[in-house]
file start_9.cif (mmCIF, C-alpha atoms and all ligand atoms)
data_my_file
loop_
_atom_site.label_atom_id
_atom_site.label_comp_id
_atom_site.auth_asym_id
_atom_site.auth_seq_id
_atom_site.Cartn_x
_atom_site.Cartn_y
_atom_site.Cartn_z
CA MET A 1478 33.57 -56.55 -44.21
CA PRO A 1479 30.31 -55.14 -42.74
CA LEU A 1480 27.52 -57.29 -41.39
CA PRO A 1481 24.86 -58.20 -43.98
CA SER A 1482 22.85 -55.20 -45.15
CA ASP A 1483 20.14 -57.14 -47.00
CA ARG A 1484 18.91 -58.95 -43.89
CA ALA A 1485 19.07 -58.74 -40.11
CA PRO A 1486 22.33 -60.17 -38.80
CA SER A 1487 22.10 -63.47 -37.00
CA LEU A 1488 23.77 -64.06 -33.67
CA ALA A 1489 24.30 -67.11 -31.49
CA ILE A 1490 25.02 -66.97 -27.75
CA PHE A 1491 26.40 -70.04 -26.02
CA CYS A 1492 25.68 -70.04 -22.29
CA LYS A 1493 26.80 -72.62 -19.75
CA VAL A 1494 25.17 -72.17 -16.39
CA VAL A 1495 28.06 -72.56 -13.98
CA ASP A 1496 26.25 -71.44 -10.87
CA ASN A 1497 23.14 -69.58 -9.81
CA TYR A 1498 21.25 -67.29 -12.19
CA GLY A 1499 23.77 -64.71 -13.36
CA ASP A 1500 25.04 -66.62 -16.39
CA ILE A 1501 21.62 -67.15 -17.90
CA GLY A 1502 20.39 -63.84 -16.48
CA ILE A 1503 22.97 -61.88 -18.43
CA CYS A 1504 22.68 -63.95 -21.62
CA TRP A 1505 18.89 -63.74 -21.59
CA ARG A 1506 18.92 -60.00 -21.06
CA LEU A 1507 21.41 -59.54 -23.91
CA ALA A 1508 19.51 -61.91 -26.21
CA ARG A 1509 16.17 -60.18 -25.63
CA GLN A 1510 17.64 -56.75 -26.23
CA LEU A 1511 19.49 -57.69 -29.41
CA SER A 1512 16.33 -59.23 -30.79
CA GLY A 1513 13.79 -56.68 -29.58
CA GLU A 1514 15.74 -53.47 -30.12
CA HIS A 1515 18.12 -54.30 -32.93
CA GLY A 1516 16.17 -56.85 -34.98
CA VAL A 1517 18.95 -59.41 -34.68
CA ALA A 1518 17.96 -63.05 -35.24
CA VAL A 1519 19.22 -64.48 -31.94
CA THR A 1520 19.69 -68.11 -31.00
CA LEU A 1521 20.46 -68.67 -27.33
CA TRP A 1522 22.06 -72.03 -26.58
CA VAL A 1523 21.76 -72.85 -22.89
CA ASP A 1524 22.54 -76.06 -21.02
CA ASP A 1525 20.29 -75.56 -17.97
CA LEU A 1526 16.63 -74.87 -18.69
CA PRO A 1527 15.33 -75.26 -15.09
CA SER A 1528 17.61 -72.38 -13.94
CA PHE A 1529 16.44 -70.37 -16.94
CA ARG A 1530 12.81 -71.01 -16.00
CA ARG A 1531 13.25 -69.38 -12.59
CA ILE A 1532 13.93 -65.99 -14.15
CA CYS A 1533 11.67 -66.59 -17.18
CA PRO A 1534 8.57 -68.68 -16.38
CA ALA A 1535 7.70 -69.00 -20.11
CA ILE A 1536 10.56 -71.47 -20.60
CA ASP A 1537 9.50 -75.06 -21.28
CA VAL A 1538 12.18 -77.15 -19.61
CA ALA A 1539 11.45 -80.15 -21.85
CA ALA A 1540 11.73 -78.36 -25.21
CA ALA A 1541 14.77 -78.91 -27.41
CA GLN A 1542 14.02 -75.57 -29.05
CA GLN A 1543 11.46 -72.88 -28.44
CA GLN A 1544 10.79 -69.30 -29.46
CA VAL A 1545 10.49 -67.00 -26.42
CA SER A 1546 10.24 -63.19 -26.59
CA GLY A 1547 11.56 -63.25 -30.14
CA VAL A 1548 14.59 -65.37 -29.24
CA MET A 1549 15.18 -68.94 -30.45
CA VAL A 1550 16.14 -70.82 -27.29
CA ARG A 1551 17.93 -74.11 -27.88
CA HIS A 1552 18.74 -76.64 -25.23
CA TRP A 1553 22.51 -77.14 -25.42
CA ARG A 1554 23.05 -80.82 -24.72
CA GLY A 1555 26.52 -81.24 -26.15
CA GLN A 1556 25.28 -81.32 -29.76
CA ASP A 1557 28.42 -81.94 -31.72
CA GLY A 1558 29.36 -82.76 -35.28
CA VAL A 1559 25.90 -81.80 -36.50
CA PHE A 1560 26.67 -78.33 -37.76
CA ALA A 1561 27.06 -77.06 -41.31
CA PRO A 1562 28.26 -73.58 -42.31
CA ALA A 1563 24.63 -72.66 -42.98
CA ASP A 1564 23.91 -73.24 -39.27
CA VAL A 1565 26.50 -70.69 -38.18
CA ALA A 1566 25.43 -67.18 -37.15
CA ASP A 1567 27.08 -63.96 -38.37
CA ILE A 1568 28.15 -63.24 -34.80
CA VAL A 1569 29.00 -65.99 -32.33
CA ILE A 1570 29.28 -65.20 -28.63
CA GLU A 1571 30.72 -67.55 -26.08
CA PHE A 1572 29.83 -66.40 -22.61
CA PHE A 1573 32.49 -66.52 -19.88
CA ALA A 1574 34.83 -68.59 -22.09
CA CYS A 1575 32.48 -71.57 -22.17
CA ASP A 1576 33.75 -74.03 -24.78
CA ILE A 1577 31.40 -73.94 -27.72
CA PRO A 1578 30.96 -77.29 -29.50
CA PRO A 1579 33.97 -78.27 -31.64
CA GLY A 1580 31.56 -79.16 -34.46
CA TYR A 1581 30.21 -75.62 -34.43
CA ILE A 1582 33.74 -74.19 -34.47
CA ALA A 1583 34.62 -76.42 -37.43
CA ALA A 1584 31.56 -75.12 -39.29
CA MET A 1585 32.55 -71.53 -38.39
CA ALA A 1586 35.96 -72.08 -39.97
CA GLN A 1587 34.31 -73.18 -43.22
CA CYS A 1588 32.17 -70.03 -43.52
CA ALA A 1589 32.99 -67.29 -45.99
CA PRO A 1590 33.05 -64.71 -44.62
CA GLN A 1591 33.86 -66.15 -41.24
CA PRO A 1592 31.63 -65.08 -38.35
CA VAL A 1593 32.65 -62.54 -35.76
CA TRP A 1594 33.68 -64.61 -32.74
CA LEU A 1595 33.42 -62.90 -29.37
CA ASN A 1596 34.16 -64.07 -25.88
CA LEU A 1597 31.94 -62.03 -23.57
CA GLU A 1598 33.78 -61.71 -20.28
CA GLY A 1599 32.75 -61.01 -16.68
CA LEU A 1600 32.35 -57.54 -15.23
CA THR A 1601 35.04 -55.98 -13.09
CA ALA A 1602 36.04 -52.42 -12.26
CA GLU A 1603 39.76 -53.25 -12.27
CA GLU A 1604 41.90 -51.04 -14.47
CA TRP A 1605 43.48 -53.84 -16.53
CA VAL A 1606 40.14 -54.39 -18.27
CA GLU A 1607 40.64 -51.38 -20.54
CA GLY A 1608 43.85 -52.94 -21.86
CA CYS A 1609 42.21 -56.32 -22.49
CA HIS A 1610 38.92 -55.20 -23.99
CA ALA A 1611 38.82 -55.99 -27.73
CA LEU A 1612 42.09 -57.95 -27.66
CA THR A 1613 42.28 -60.76 -30.19
CA SER A 1614 43.46 -64.33 -30.04
CA PRO A 1615 44.00 -66.64 -33.05
CA ARG A 1616 41.90 -69.82 -32.82
CA HIS A 1617 41.44 -72.58 -35.40
CA GLY A 1618 42.49 -70.28 -38.24
CA MET A 1619 40.04 -67.61 -37.03
CA THR A 1620 40.24 -64.63 -34.72
CA LYS A 1621 38.51 -64.57 -31.38
CA HIS A 1622 37.87 -61.18 -29.75
CA PHE A 1623 37.57 -60.52 -26.04
CA PHE A 1624 34.69 -58.24 -25.18
CA PHE A 1625 34.61 -56.86 -21.64
CA PRO A 1626 31.70 -55.11 -20.01
CA GLY A 1627 32.85 -52.28 -17.80
CA PHE A 1628 32.44 -48.90 -16.22
CA THR A 1629 34.41 -46.70 -18.63
CA ASP A 1630 34.20 -45.70 -22.28
CA LYS A 1631 37.21 -47.90 -23.04
CA THR A 1632 35.14 -51.02 -22.26
CA GLY A 1633 31.93 -52.50 -23.65
CA GLY A 1634 29.80 -50.69 -21.05
CA LEU A 1635 26.87 -52.20 -19.17
CA LEU A 1636 23.71 -53.94 -20.35
CA ARG A 1637 20.86 -51.43 -20.44
CA GLU A 1638 17.64 -51.58 -22.40
CA ALA A 1639 16.62 -48.45 -24.33
CA ALA A 1640 13.33 -48.06 -22.44
CA LEU A 1641 14.72 -48.83 -19.00
CA ASP A 1642 14.80 -45.27 -17.67
CA GLU A 1643 11.39 -44.44 -19.08
CA ASN A 1644 9.88 -47.59 -17.52
CA ARG A 1645 11.50 -46.89 -14.18
CA LEU A 1646 10.34 -43.27 -14.08
CA ALA A 1647 6.78 -44.25 -15.02
CA PHE A 1648 6.70 -46.93 -12.33
CA GLN A 1649 8.14 -44.71 -9.61
CA ALA A 1650 5.78 -41.86 -10.49
CA ASP A 1651 2.76 -44.14 -10.14
CA THR A 1652 2.31 -44.78 -6.42
CA GLY A 1653 -0.73 -46.96 -7.16
CA ALA A 1654 1.31 -49.22 -9.45
CA MET A 1655 4.04 -49.47 -6.86
CA ALA A 1656 1.54 -50.32 -4.10
CA ALA A 1657 -0.16 -52.90 -6.32
CA PHE A 1658 3.20 -54.43 -7.18
CA LEU A 1659 4.24 -54.82 -3.55
CA GLY A 1660 0.69 -55.67 -2.47
CA GLN A 1661 0.68 -58.82 -4.63
CA PHE A 1662 3.38 -60.19 -2.30
CA GLY A 1663 1.31 -59.42 0.79
CA VAL A 1664 3.17 -56.23 1.75
CA THR A 1665 0.74 -54.19 3.88
CA ALA A 1666 0.31 -50.41 3.78
CA ALA A 1667 2.21 -50.05 7.06
CA GLN A 1668 5.06 -52.18 5.73
CA MET A 1669 5.14 -50.06 2.56
CA SER A 1670 5.61 -46.89 4.57
CA ALA A 1671 8.58 -48.39 6.42
CA LEU A 1672 12.13 -48.25 5.09
CA LYS A 1673 11.96 -50.87 2.34
CA VAL A 1674 14.95 -53.07 1.71
CA SER A 1675 15.36 -55.88 -0.83
CA LEU A 1676 17.85 -58.57 0.11
CA PHE A 1677 19.64 -60.74 -2.45
CA CYS A 1678 22.98 -62.12 -1.27
CA TYR A 1679 25.06 -65.28 -0.90
CA PRO A 1680 24.77 -67.43 2.25
CA SER A 1681 27.98 -65.99 3.74
CA ALA A 1682 26.55 -62.46 4.17
CA PRO A 1683 26.08 -61.41 7.82
CA ALA A 1684 22.32 -61.03 7.34
CA ALA A 1685 21.49 -62.28 10.85
CA GLU A 1686 23.53 -59.47 12.41
CA LEU A 1687 21.81 -56.89 10.30
CA PHE A 1688 18.39 -58.33 11.19
CA SER A 1689 19.26 -57.93 14.89
CA VAL A 1690 20.18 -54.29 14.40
CA TRP A 1691 17.03 -53.55 12.39
CA GLN A 1692 14.87 -55.42 14.91
CA ALA A 1693 16.25 -53.44 17.83
CA GLY A 1694 16.17 -50.11 15.99
CA SER A 1695 13.58 -47.35 16.25
CA GLU A 1696 12.83 -47.12 12.52
CA PRO A 1697 10.40 -49.63 10.99
CA VAL A 1698 12.15 -51.70 8.31
CA THR A 1699 10.51 -54.01 5.77
CA CYS A 1700 12.97 -56.51 4.35
CA LEU A 1701 11.85 -58.32 1.20
CA VAL A 1702 13.86 -61.43 0.48
CA PRO A 1703 13.46 -63.94 -2.37
CA GLU A 1704 12.79 -67.51 -1.28
CA GLY A 1705 15.96 -69.43 -0.42
CA VAL A 1706 18.15 -66.32 -0.07
CA ALA A 1707 19.92 -65.77 3.28
CA PHE A 1708 18.05 -68.89 4.25
CA ASP A 1709 19.48 -69.50 7.72
CA ALA A 1710 18.99 -65.92 8.88
CA VAL A 1711 15.50 -65.73 7.40
CA GLN A 1712 14.44 -69.09 8.83
CA ALA A 1713 15.75 -68.15 12.27
CA PHE A 1714 13.86 -64.85 12.13
CA ILE A 1715 10.61 -66.32 10.83
CA GLY A 1716 10.76 -69.03 13.50
CA ASP A 1717 8.33 -71.94 13.48
CA ASP A 1718 6.82 -71.41 10.04
CA ALA A 1719 8.72 -72.53 6.96
CA ALA A 1720 10.55 -69.64 5.29
CA VAL A 1721 8.78 -70.16 1.97
CA ALA A 1722 7.34 -67.53 -0.37
CA GLY A 1723 4.49 -65.78 1.42
CA ALA A 1724 5.92 -66.25 4.90
CA ALA A 1725 6.40 -63.11 6.97
CA ARG A 1726 7.19 -62.17 10.53
CA THR A 1727 7.54 -58.94 12.47
CA ARG A 1728 9.80 -58.71 15.48
CA GLY A 1729 10.56 -55.34 17.00
CA ALA A 1730 10.96 -52.78 14.22
CA LEU A 1731 11.73 -55.36 11.54
CA THR A 1732 9.41 -57.24 9.21
CA VAL A 1733 10.96 -59.94 7.06
CA ARG A 1734 8.80 -61.09 4.18
CA VAL A 1735 9.72 -63.95 1.85
CA LEU A 1736 9.00 -63.30 -1.82
CA PRO A 1737 8.76 -65.77 -4.66
CA PHE A 1738 11.57 -65.62 -7.20
CA VAL A 1739 10.08 -63.18 -9.71
CA PRO A 1740 10.64 -62.83 -13.49
CA GLN A 1741 13.55 -60.60 -14.46
CA ASP A 1742 11.45 -57.52 -15.30
CA ASP A 1743 9.66 -57.73 -11.97
CA TYR A 1744 12.98 -57.92 -10.18
CA ASP A 1745 13.71 -54.46 -11.61
CA ARG A 1746 10.39 -53.24 -10.21
CA LEU A 1747 11.30 -54.64 -6.81
CA LEU A 1748 14.57 -52.68 -6.88
CA TRP A 1749 12.77 -49.51 -7.97
CA ALA A 1750 10.18 -49.88 -5.18
CA CYS A 1751 12.73 -50.17 -2.36
CA ASP A 1752 14.83 -47.57 -0.56
CA VAL A 1753 17.94 -49.72 -0.26
CA ASN A 1754 18.85 -52.81 -2.28
CA PHE A 1755 21.21 -55.58 -1.35
CA VAL A 1756 22.32 -57.21 -4.59
CA ARG A 1757 24.90 -59.76 -5.61
CA GLY A 1758 26.89 -61.32 -8.47
CA GLU A 1759 26.83 -59.38 -11.71
CA ASP A 1760 23.39 -58.83 -13.17
CA SER A 1761 21.45 -57.72 -10.07
CA PHE A 1762 24.49 -55.56 -9.21
CA VAL A 1763 24.15 -53.74 -12.54
CA ARG A 1764 20.36 -53.43 -12.20
CA ALA A 1765 20.82 -51.77 -8.80
CA GLN A 1766 23.08 -49.22 -10.46
CA TRP A 1767 20.45 -48.43 -13.08
CA ALA A 1768 17.88 -48.08 -10.29
CA GLY A 1769 19.96 -45.11 -9.08
CA LEU A 1770 19.27 -45.98 -5.43
CA PRO A 1771 21.56 -46.86 -2.55
CA PHE A 1772 22.73 -50.47 -2.68
CA LEU A 1773 25.19 -52.84 -1.05
CA TRP A 1774 26.88 -55.40 -3.26
CA HIS A 1775 27.64 -58.96 -2.19
CA ILE A 1776 30.26 -60.03 -4.68
CA TYR A 1777 30.56 -63.60 -5.99
CA LEU A 1778 33.21 -65.43 -3.95
CA GLN A 1779 36.48 -66.30 -5.66
CA ASP A 1780 39.55 -68.25 -4.60
CA GLU A 1781 42.26 -66.43 -2.66
CA ASN A 1782 39.83 -63.57 -1.96
CA LEU A 1783 40.27 -62.24 -5.48
CA HIS A 1784 36.75 -60.88 -5.12
CA HIS A 1785 37.95 -58.50 -2.42
CA VAL A 1786 40.30 -56.93 -4.96
CA LYS A 1787 37.37 -56.52 -7.35
CA LEU A 1788 35.15 -55.12 -4.63
CA ARG A 1789 37.72 -52.51 -3.67
CA ALA A 1790 38.26 -51.59 -7.33
CA PHE A 1791 34.55 -50.90 -7.66
CA LEU A 1792 34.33 -48.96 -4.41
CA ARG A 1793 37.24 -46.76 -5.50
CA ARG A 1794 35.18 -45.69 -8.50
CA TYR A 1795 31.72 -45.65 -6.97
CA ALA A 1796 31.87 -44.83 -3.27
CA VAL A 1797 33.27 -41.35 -3.66
CA ASP A 1798 31.71 -37.98 -4.38
CA GLY A 1799 32.71 -34.31 -4.37
CA GLU A 1800 33.27 -34.49 -0.62
CA GLY A 1801 35.61 -37.47 -0.86
CA PRO A 1802 35.17 -41.16 -0.06
CA ILE A 1803 31.77 -42.13 1.37
CA THR A 1804 33.22 -43.88 4.40
CA SER A 1805 29.97 -45.33 5.74
CA LEU A 1806 29.34 -47.02 2.39
CA VAL A 1807 32.88 -48.31 2.03
CA GLN A 1808 32.90 -49.72 5.54
CA ALA A 1809 29.50 -51.37 5.22
CA ALA A 1810 30.37 -52.85 1.80
CA LEU A 1811 33.65 -54.27 3.08
CA ALA A 1812 31.99 -55.71 6.20
CA TRP A 1813 29.11 -57.20 4.19
CA ASN A 1814 31.71 -59.07 2.14
CA GLY A 1815 33.95 -60.08 5.05
CA ALA A 1816 36.68 -57.81 3.69
CA SER A 1817 37.13 -55.33 6.54
CA ALA A 1818 40.45 -55.09 8.27
CA ASP A 1819 38.74 -54.15 11.54
CA ALA A 1820 35.59 -55.74 12.88
CA VAL A 1821 33.24 -52.77 13.21
CA PRO A 1822 29.88 -54.11 14.45
CA TRP A 1823 26.67 -53.57 12.49
CA THR A 1824 25.33 -51.62 15.46
CA GLN A 1825 27.73 -48.91 14.22
CA LEU A 1826 27.82 -49.67 10.49
CA TRP A 1827 24.08 -49.52 9.89
CA PRO A 1828 23.33 -46.19 11.68
CA ALA A 1829 26.24 -44.58 9.82
CA LEU A 1830 25.00 -45.91 6.49
CA ARG A 1831 21.40 -44.97 7.30
CA ALA A 1832 22.41 -41.40 8.13
CA ASP A 1833 24.29 -41.12 4.83
CA LEU A 1834 21.47 -42.49 2.63
CA PRO A 1835 20.60 -39.06 1.11
CA ARG A 1836 24.24 -38.52 0.15
CA ILE A 1837 24.55 -42.06 -1.22
CA ARG A 1838 21.35 -41.62 -3.18
CA ALA A 1839 22.71 -38.47 -4.80
CA ARG A 1840 25.89 -40.34 -5.67
CA ALA A 1841 23.87 -43.25 -7.11
CA GLN A 1842 22.04 -40.88 -9.44
CA ALA A 1843 25.23 -39.18 -10.60
CA TRP A 1844 26.82 -42.60 -11.19
CA ARG A 1845 23.86 -43.74 -13.26
CA GLN A 1846 24.29 -40.71 -15.52
CA GLN A 1847 28.01 -41.36 -15.78
CA MET A 1848 27.39 -44.99 -16.78
CA GLN A 1849 24.73 -44.00 -19.32
CA ALA A 1850 27.32 -41.89 -21.11
CA ASN A 1851 29.22 -45.11 -21.98
CA GLY A 1852 26.35 -46.32 -24.16
CA ASP A 1853 24.94 -49.79 -23.61
CA LEU A 1854 26.62 -53.13 -23.99
CA ALA A 1855 24.30 -54.57 -26.67
CA SER A 1856 24.69 -51.55 -28.97
CA ASN A 1857 28.42 -51.35 -28.28
CA LEU A 1858 28.79 -55.03 -29.06
CA LEU A 1859 26.96 -54.76 -32.38
CA ALA A 1860 28.98 -51.72 -33.39
CA PHE A 1861 32.15 -53.58 -32.50
CA ALA A 1862 31.09 -56.66 -34.46
CA GLY A 1863 30.22 -54.51 -37.48
CA ALA A 1864 33.59 -52.83 -37.41
CA THR A 1865 35.40 -56.13 -36.91
CA ARG A 1866 34.07 -58.26 -39.70
O1 LIG B 1901 22.61 -65.52 -9.33
P1 LIG B 1901 23.89 -64.80 -9.18
O2 LIG B 1901 24.61 -65.09 -7.95
O3 LIG B 1901 24.78 -65.09 -10.41
C1 LIG B 1901 26.18 -65.21 -10.35
C2 LIG B 1901 26.90 -64.01 -10.85
O4 LIG B 1901 26.49 -63.66 -12.13
C3 LIG B 1901 28.39 -64.27 -10.87
O5 LIG B 1901 29.06 -63.16 -11.36
C4 LIG B 1901 28.63 -65.44 -11.73
O6 LIG B 1901 29.98 -65.69 -11.81
C5 LIG B 1901 27.90 -66.59 -11.14
O7 LIG B 1901 26.51 -66.30 -11.12
C6 LIG B 1901 28.13 -67.83 -11.92
O8 LIG B 1901 23.60 -63.21 -9.20
P2 LIG B 1901 23.24 -62.23 -10.42
O9 LIG B 1901 24.38 -62.06 -11.35
O10 LIG B 1901 22.68 -61.03 -9.82
O11 LIG B 1901 22.09 -62.96 -11.21
C7 LIG B 1901 20.80 -63.11 -10.70
C8 LIG B 1901 19.78 -63.04 -11.82
O12 LIG B 1901 18.52 -63.45 -11.33
C9 LIG B 1901 19.60 -61.64 -12.39
O13 LIG B 1901 19.41 -61.71 -13.79
C10 LIG B 1901 18.34 -61.15 -11.72
C11 LIG B 1901 17.56 -62.43 -11.63
N1 LIG B 1901 16.53 -62.50 -10.61
C12 LIG B 1901 15.22 -62.62 -11.01
O14 LIG B 1901 14.94 -62.64 -12.23
N2 LIG B 1901 14.25 -62.72 -10.06
C13 LIG B 1901 14.51 -62.67 -8.73
O15 LIG B 1901 13.57 -62.77 -7.92
C14 LIG B 1901 15.88 -62.50 -8.34
C15 LIG B 1901 16.21 -62.42 -6.87
C16 LIG B 1901 16.85 -62.42 -9.29
#
call {"tool": "encode", "arguments": {"input": "start_9.cif", "output": "structure tokens"}}
result
Amino acid sequence: MPLPSDRAPSLAIFCKVVDNYGDIGICWRLARQLSGEHGVAVTLWVDDLPSFRRICPAIDVAAAQQQVSGVMVRHWRGQDGVFAPADVADIVIEFFACDIPPGYIAAMAQCAPQPVWLNLEGLTAEEWVEGCHALTSPRHGMTKHFFFPGFTDKTGGLLREAALDENRLAFQADTGAMAAFLGQFGVTAAQMSALKVSLFCYPSAPAAELFSVWQAGSEPVTCLVPEGVAFDAVQAFIGDDAAVAGAARTRGALTVRVLPFVPQDDYDRLLWACDVNFVRGEDSFVRAQWAGLPFLWHIYLQDENLHHVKLRAFLRRYAVDGEGPITSLVQAALAWNGASADAVPWTQLWPALRADLPRIRARAQAWRQQMQANGDLASNLLAFAGATR
């Protein structure tokens, strides 16, 4: 049965913030796009409003419910047993297999027709994903569908707003806008003309080693790092002053400047304004790909080094062009994630990567085009839901 044709479909996303900002970052991006571009009436249930506020300053952390950017945001505080079928959306998404309230599930089961129930999974480049995307599982007399983002046309694709490319091109073409954007963080004209690097990683990344190499190098480097990220390395570099937003220090060829955590759309601008981006997790990783610029990914750590398997799976797809594997990129990515078999020092890794930046940039642009051909996750998800019901 198709989704309602006499009104916009409604959709609920349940998001539990397990760690960091990726959970809410992805759900918020998806919610905004479904509402803004597809006219879907979206309710986003989220259990951690303070984390949400860091990427979206408009969030009132004390509000039980609030309308933000066209999305109804509801504080998920274990509400249970309070749901009627009329409360249930046409499409219900549980993010990363978070357990949605049993009372809501009971109300879903009473609906006629029953809602489309999707489990939105995490992103990985591993090949098994194609076989698991869209699989079903019977639950409480209903059918739950697994929806996987991914890098091929046999997956749900990647989140990408319709105007993303246009916005990026306009920003990058406007040197004044770019200078004003960086200038608001205190970046000077000299620092803007240096090699600009944004740094977003987990604490285990060997940032201090990289700082040493940049500091001792002949090329000026400006490293822009959000407050709290790579804290030990940044604090050691900055020295006596506290490594809080606004702090900056130049030693040798390297300037490290601490940025405030910026709203999600500004984070895109930061990526677009830099020459190389260090990103992490899932959402910033995808945004770096849409930026079409060289990046190094710090993958979210998993038990038994499962993340190394995922990292290699991605590199097999991404770090290769017509000439073959891009060895400098593979080696740097493995070393950045502690996954190298041999301990090549950053005094070798960085110069090799730096020399290959034009090649990597060309590959990044080709990859972006390749990913665009898979559509975008929000549209793919709605089409899937429409065909499912
Ligand atoms: O914060 P993360 O480490 O989130 C992680 C990953 O999603 C991981 O896969 C998941 O399992 C784990 O959470 C629970 O990294 P990620 O995914 O890049 O999310 C960061 C979000 O924060 C992203 O939406 C971009 C946003 N952001 C800003 O809005 N402003 C900023 O200044 C920065 C640095 C990030």
call {"tool": "axis_aligned_box", "arguments": {"input": "start_9.cif", "around": "segment 1778-1797 of chain A", "padding_each_side": "8 Å", "output": "lines of an AutoDock Vina configuration file"}}
result
center_x = 37.0
center_y = -54.8
center_z = -5.2
size_x = 26.5
size_y = 42.9
size_z = 22.5
call {"tool": "atom_distance", "arguments": {"input": "start_9.cif", "atom1": "atom CA of Cys1504 of chain A", "atom2": "atom CA of Gly1723 of chain A"}}
result
29.4 Å
call {"tool": "residues_around", "arguments": {"input": "start_9.cif", "residues": "segment 1559-1574 of chain A", "least_positions_apart": "2", "cutoff": "6 Å", "atoms": "all atoms listed in the file", "output": "short mmCIF file (atom, residue, chain, number, x, y, z; two decimals) with C-alpha atoms, in the coordinates of the input"}}
result
data_model
loop_
_atom_site.label_atom_id
_atom_site.label_comp_id
_atom_site.auth_asym_id
_atom_site.auth_seq_id
_atom_site.Cartn_x
_atom_site.Cartn_y
_atom_site.Cartn_z
CA SER A 1487 22.10 -63.47 -37.00
CA LEU A 1488 23.77 -64.06 -33.67
CA ALA A 1489 24.30 -67.11 -31.49
CA ILE A 1490 25.02 -66.97 -27.75
CA PHE A 1491 26.40 -70.04 -26.02
CA CYS A 1492 25.68 -70.04 -22.29
CA ASP A 1557 28.42 -81.94 -31.72
CA GLY A 1580 31.56 -79.16 -34.46
CA TYR A 1581 30.21 -75.62 -34.43
CA ALA A 1584 31.56 -75.12 -39.29
CA CYS A 1588 32.17 -70.03 -43.52
CA PRO A 1592 31.63 -65.08 -38.35
CA VAL A 1593 32.65 -62.54 -35.76
CA TRP A 1594 33.68 -64.61 -32.74
CA LEU A 1595 33.42 -62.90 -29.37
CA ASN A 1596 34.16 -64.07 -25.88
CA LEU A 1597 31.94 -62.03 -23.57
CA GLU A 1598 33.78 -61.71 -20.28
#
call {"tool": "residues_near_ligand", "arguments": {"input": "start_9.cif", "ligand": "ligand LIG 1901 (chain B)", "cutoff": "9 Å", "atoms": "only C-alpha atoms and all ligand atoms", "output": "ChimeraX atom specification"}}
result
/A:1494-1506,1531-1533,1573,1599-1600,1675-1679,1702-1704,1706,1736-1745,1747,1756-1764,1775-1779
call {"tool": "closest_residue", "arguments": {"input": "start_9.cif", "among": "A:Ser1482, A:Thr1601, A:Ser1689, A:Ser1546", "to": "Ala1508 of chain A", "atoms": "only C-alpha atoms"}}
result
A:Ser1546
call {"tool": "residues_around", "arguments": {"input": "start_9.cif", "residues": "Ala1682 of chain A", "least_positions_apart": "2", "cutoff": "9 Å", "atoms": "only C-alpha atoms", "output": "JSON, numbers by chain"}}
result
{"A": [1678, 1679, 1680, 1684, 1685, 1707, 1775, 1812, 1813, 1814, 1815]}
call {"tool": "write_last_selection", "arguments": {"input": "start_9.cif", "atoms": "C-alpha atoms", "output": "PDB file, keeping the file's coordinate frame"}}
result
ATOM      1  CA  CYS A1678      22.980 -62.120  -1.270  1.00  0.00           C
ATOM      2  CA  TYR A1679      25.060 -65.280  -0.900  1.00  0.00           C
ATOM      3  CA  PRO A1680      24.770 -67.430   2.250  1.00  0.00           C
ATOM      4  CA  ALA A1684      22.320 -61.030   7.340  1.00  0.00           C
ATOM      5  CA  ALA A1685      21.490 -62.280  10.850  1.00  0.00           C
ATOM      6  CA  ALA A1707      19.920 -65.770   3.280  1.00  0.00           C
ATOM      7  CA  HIS A1775      27.640 -58.960  -2.190  1.00  0.00           C
ATOM      8  CA  ALA A1812      31.990 -55.710   6.200  1.00  0.00           C
ATOM      9  CA  TRP A1813      29.110 -57.200   4.190  1.00  0.00           C
ATOM     10  CA  ASN A1814      31.710 -59.070   2.140  1.00  0.00           C
ATOM     11  CA  GLY A1815      33.950 -60.080   5.050  1.00  0.00           C
TER      12      GLY A1815
END
call {"tool": "closest_residue", "arguments": {"input": "start_9.cif", "among": "A:Pro1481, A:Pro1486, A:Gly1769, A:Gly1729", "to": "Gln1649 of chain A", "atoms": "all atoms listed in the file"}}
result
A:Gly1769
call {"tool": "atom_distance", "arguments": {"input": "start_9.cif", "atom1": "atom CA of Asn1851 of chain A", "atom2": "atom CA of Leu1792 of chain A"}}
result
18.7 Å
call {"tool": "residues_near_point", "arguments": {"input": "start_9.cif", "point": "(25.7, -43.0, -11.7)", "cutoff": "12 Å", "atoms": "all atoms listed in the file", "output": "ChimeraX atom specification"}}
result
/A:1628-1629,1635,1763-1771,1794-1798,1837-1851
call {"tool": "atom_distance", "arguments": {"input": "start_9.cif", "atom1": "atom CA of Val1698 of chain A", "atom2": "atom CA of Leu1672 of chain A"}}
result
4.7 Å
call {"tool": "closest_residue", "arguments": {"input": "start_9.cif", "among": "A:Trp1749, A:Leu1511, A:Asp1524, A:Ala1518", "to": "Thr1652 of chain A", "atoms": "all atoms listed in the file"}}
result
A:Trp1749
call {"tool": "closest_residue", "arguments": {"input": "start_9.cif", "among": "A:Val1538, A:Cys1609, A:Val1523, A:Ala1671", "to": "Ala1750 of chain A", "atoms": "all atoms listed in the file"}}
result
A:Ala1671
call {"tool": "residues_near_point", "arguments": {"input": "start_9.cif", "point": "(23.0, -49.6, 12.0)", "cutoff": "12 Å", "atoms": "only C-alpha atoms", "output": "PyMOL selection string"}}
result
chain A and resi 1686-1696+1698+1805-1806+1808-1809+1821-1834
call {"tool": "closest_residue", "arguments": {"input": "start_9.cif", "among": "A:Ala1719, A:Met1619, A:Val1733, A:Ala1724", "to": "Ala1589 of chain A", "atoms": "all atoms listed in the file"}}
result
A:Met1619
